[in-house]
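First up is the structure itself, then whatever we jot down about it.
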Amino acid sequence: MTKKQTKAFSVNDSKKTLHRNLEFIATEQYKLLRTNLEFTLPEGDACPVIGVTSPMRGEGKSTTAINLSYVLAEKGSRVLLIDGDLRLPSVAKKMFIPSTPGLTDLLMGNTFNVNEFQTDLLKNWYIIPSGHIPPNPSELLGSRRMEAIFTKLREMFDYIVIDLPPVNLVSDALSVANLVSGMIVVIREDYTEKKELERCFRQLKLSNFNILGCVMNNSKAEMGTYNRYKTQKYYKEYAYPPSNKEPEA
Ligand SMILES: Nc1ncnc2c1ncn2[C@@H]1O[C@H](COP(=O)(O)OP(=O)(O)O)[C@@H](O)[C@H]1O
Ligand SMILES: [Mg+2]
């Protein structure tokens, strides 16, 4: 399968793919995902932490993380969405909120009041954006400080959803292995390549992740009229610091 070189999504298209702007059929799919998670999340976990990743960029991780956290909050739970893509953060931009203060500020030891991150859309939906982009995202995400922050946050919420970078491009997503209850893998129809997906699963398995399931984004089979969004947006390449080269397959 080859990647489709098509024009970028328009701003209006991307608005239609988020939270309350979603078309009915897409909202129903996210609600189905919410229901399915009830069966795949470990029982007795007072605040499951759900990681969202995919093999490559542009497959719909951030879109899925936003919408999943939204439908979870819609049901009344206290939900926190964290932008853990510290290389190409996009949650703040998509949600029209400031990107700082955010996760990196918390990781740098700054104190915070979680109420600062409450959204305007739902009073029980909170979003922590990335904060300033650091030079060493993998180290920060796998740090003791990150563990301490999560221990605190888990006491305050019913669910935490963390938007992560793609597994096959950088090792950041793998560094949260001991923080997440499980991982959702986003696949984009007509875009994600089979070999990349296999590689992604291999990496996740090697790091002992509990794979909660896959989301088929932009699916023609399930999304009905939603399939008109068949274009692919290309943006900034992920940066590879010299010490953090793309892992070998
Ligand atoms: N099902 C979809 N239909 C239309 N546009 C989509 C869909 N899923 C994602 N997009 C758009 O594709 C682009 C990449 O999605 P994004 O969620 O940012 O991917 P990732 O986080 O995996 O890089 C964004 O502009 C987003 O609005
Ligand atoms: Mg993203």
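Residue numbering restarts at 1 for every chain of the structure tokens, chains are lettered A, B, ... in their displayed order, and ligands are numbered from 1 as they appear.
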
Report as CSV: every residue of chain A with an atom at most 8 Å from ligand 2, its closest pair of atoms, and their distance in Å to one decimal, counting only C-alpha atoms and all ligand atoms, with rows sorted by chain and ascending residue number.
```
residue,atom,partner,partner_atom_place_in_ligand_line,distance
A:Arg57,CA,ligand 2,1 (Mg),6.9
A:Gly58,CA,ligand 2,1 (Mg),6.8
A:Gly60,CA,ligand 2,1 (Mg),6.7
A:Lys61,CA,ligand 2,1 (Mg),5.2
A:Ser62,CA,ligand 2,1 (Mg),4.1
A:Thr63,CA,ligand 2,1 (Mg),7.3
A:Asp85,CA,ligand 2,1 (Mg),6.5
A:Leu88,CA,ligand 2,1 (Mg),6.6
A:Pro89,CA,ligand 2,1 (Mg),6.2
A:Ser90,CA,ligand 2,1 (Mg),5.6
A:Val91,CA,ligand 2,1 (Mg),7.3
A:Asp163,CA,ligand 2,1 (Mg),6.8
A:Leu164,CA,ligand 2,1 (Mg),7.0
A:Pro165,CA,ligand 2,1 (Mg),6.4
```

Open item on the list: If you run DSSP on the backbone here, which positions in stretch 126-213 of chain A get strand (DSSP E)? Please write them as a PyMOL selection string.
Closed with: chain A and resi 126-128+159-163+182-188+211-213

Please produce a file of the residues just selected, as a CSV table (one decimal), in the first residue's frame, where the atoms kept are N, CA and C atoms.
```
chain,number,residue,atom,x,y,z
A,126,TYR,N,-10.7,17.9,31.5
A,126,TYR,CA,-9.6,18.7,31.7
A,126,TYR,C,-8.5,18.4,30.7
A,127,ILE,N,-7.8,19.4,30.3
A,127,ILE,CA,-6.7,19.2,29.3
A,127,ILE,C,-5.4,19.8,29.7
A,128,ILE,N,-4.4,19.0,29.8
A,128,ILE,CA,-3.0,19.5,30.1
A,128,ILE,C,-2.3,19.5,28.8
A,159,TYR,N,-10.4,8.9,34.7
A,159,TYR,CA,-9.7,8.4,33.5
A,159,TYR,C,-8.6,9.5,33.1
A,160,ILE,N,-7.5,8.9,32.7
A,160,ILE,CA,-6.5,9.8,32.1
A,160,ILE,C,-6.2,9.3,30.7
A,161,VAL,N,-6.2,10.1,29.7
A,161,VAL,CA,-5.9,9.8,28.3
A,161,VAL,C,-4.7,10.5,27.9
A,162,ILE,N,-3.7,9.8,27.4
A,162,ILE,CA,-2.4,10.5,27.0
A,162,ILE,C,-2.2,10.3,25.6
A,163,ASP,N,-2.1,11.5,24.9
A,163,ASP,CA,-1.8,11.5,23.4
A,163,ASP,C,-0.3,11.4,23.3
A,182,GLY,N,-2.9,0.7,29.5
A,182,GLY,CA,-3.0,0.1,28.2
A,182,GLY,C,-2.9,1.1,27.1
A,183,MET,N,-2.7,0.6,25.9
A,183,MET,CA,-2.5,1.4,24.8
A,183,MET,C,-3.5,1.2,23.7
A,184,ILE,N,-4.0,2.3,23.1
A,184,ILE,CA,-4.8,2.2,21.9
A,184,ILE,C,-4.0,2.5,20.7
A,185,VAL,N,-4.0,1.7,19.7
A,185,VAL,CA,-3.3,1.9,18.5
A,185,VAL,C,-4.2,2.4,17.4
A,186,VAL,N,-3.9,3.5,16.8
A,186,VAL,CA,-4.7,4.1,15.8
A,186,VAL,C,-4.1,3.7,14.4
A,187,ILE,N,-5.0,3.2,13.6
A,187,ILE,CA,-4.6,2.8,12.2
A,187,ILE,C,-5.4,3.7,11.3
A,188,ARG,N,-4.8,4.2,10.3
A,188,ARG,CA,-5.5,5.0,9.3
A,188,ARG,C,-5.7,4.3,8.0
A,211,ILE,N,-2.2,-4.0,25.1
A,211,ILE,CA,-2.8,-3.4,23.9
A,211,ILE,C,-4.3,-3.5,24.1
A,212,LEU,N,-5.0,-2.3,24.3
A,212,LEU,CA,-6.4,-2.3,24.6
A,212,LEU,C,-7.2,-2.6,23.3
A,213,GLY,N,-6.7,-2.2,22.2
A,213,GLY,CA,-7.4,-2.3,21.0
A,213,GLY,C,-6.9,-1.4,19.9
```

TODO: Check the smallest atom-to-atom distance from each of A:Lys194, A:His19, A:Lys75, A:Lys123 to ligand 1 using only C-alpha atoms and all ligand atoms, then report the winner.
DONE: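 For ligand 1, the nearest of the candidates is A:His19.
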
- [ ] Rank nothing, just name the residue among A:Ala65, A:Leu86, A:Glu59, A:Ala46 nearest to A:Tyr30, using only C-alpha atoms.
- [x]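 Comparing A:Ala65, A:Leu86, A:Glu59, A:Ala46 against A:Tyr30, the winner is A:Ala65.
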
Task: Distance criterion (only C-alpha atoms and all ligand atoms): nearest to ligand 1 out of A:Thr119, A:Asn67, A:Thr40, A:Ser77 - done: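 Of A:Thr119, A:Asn67, A:Thr40, A:Ser77, the one nearest ligand 1 is A:Asn67, counting only C-alpha atoms and all ligand atoms.
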
Would you list the contacts of stretch 168-176 of chain A as an mmCIF file with C-alpha atoms, in the first residue's frame, taking every protein, DNA or RNA residue within 7 Å and counting only C-alpha atoms, but skipping same-chain residues closer than 4 positions in sequence?
```cif
data_model
loop_
_atom_site.group_PDB
_atom_site.id
_atom_site.type_symbol
_atom_site.label_atom_id
_atom_site.label_comp_id
_atom_site.auth_asym_id
_atom_site.auth_seq_id
_atom_site.Cartn_x
_atom_site.Cartn_y
_atom_site.Cartn_z
ATOM 1 C CA PRO A 55 2.997 3.644 13.936
ATOM 2 C CA MET A 56 3.538 6.950 12.117
ATOM 3 C CA PRO A 137 11.194 14.229 25.526
ATOM 4 C CA SER A 138 11.931 10.507 26.021
ATOM 5 C CA LEU A 141 8.344 11.036 29.851
ATOM 6 C CA GLY A 142 10.192 8.169 31.506
ATOM 7 C CA LEU A 164 1.621 10.072 22.438
ATOM 8 C CA VAL A 180 -0.241 3.448 31.287
ATOM 9 C CA CYS A 200 4.579 -0.944 15.949
ATOM 10 C CA SER A 207 7.976 -3.176 26.040
ATOM 11 C CA GLU A 246 14.817 5.616 14.663
#
```
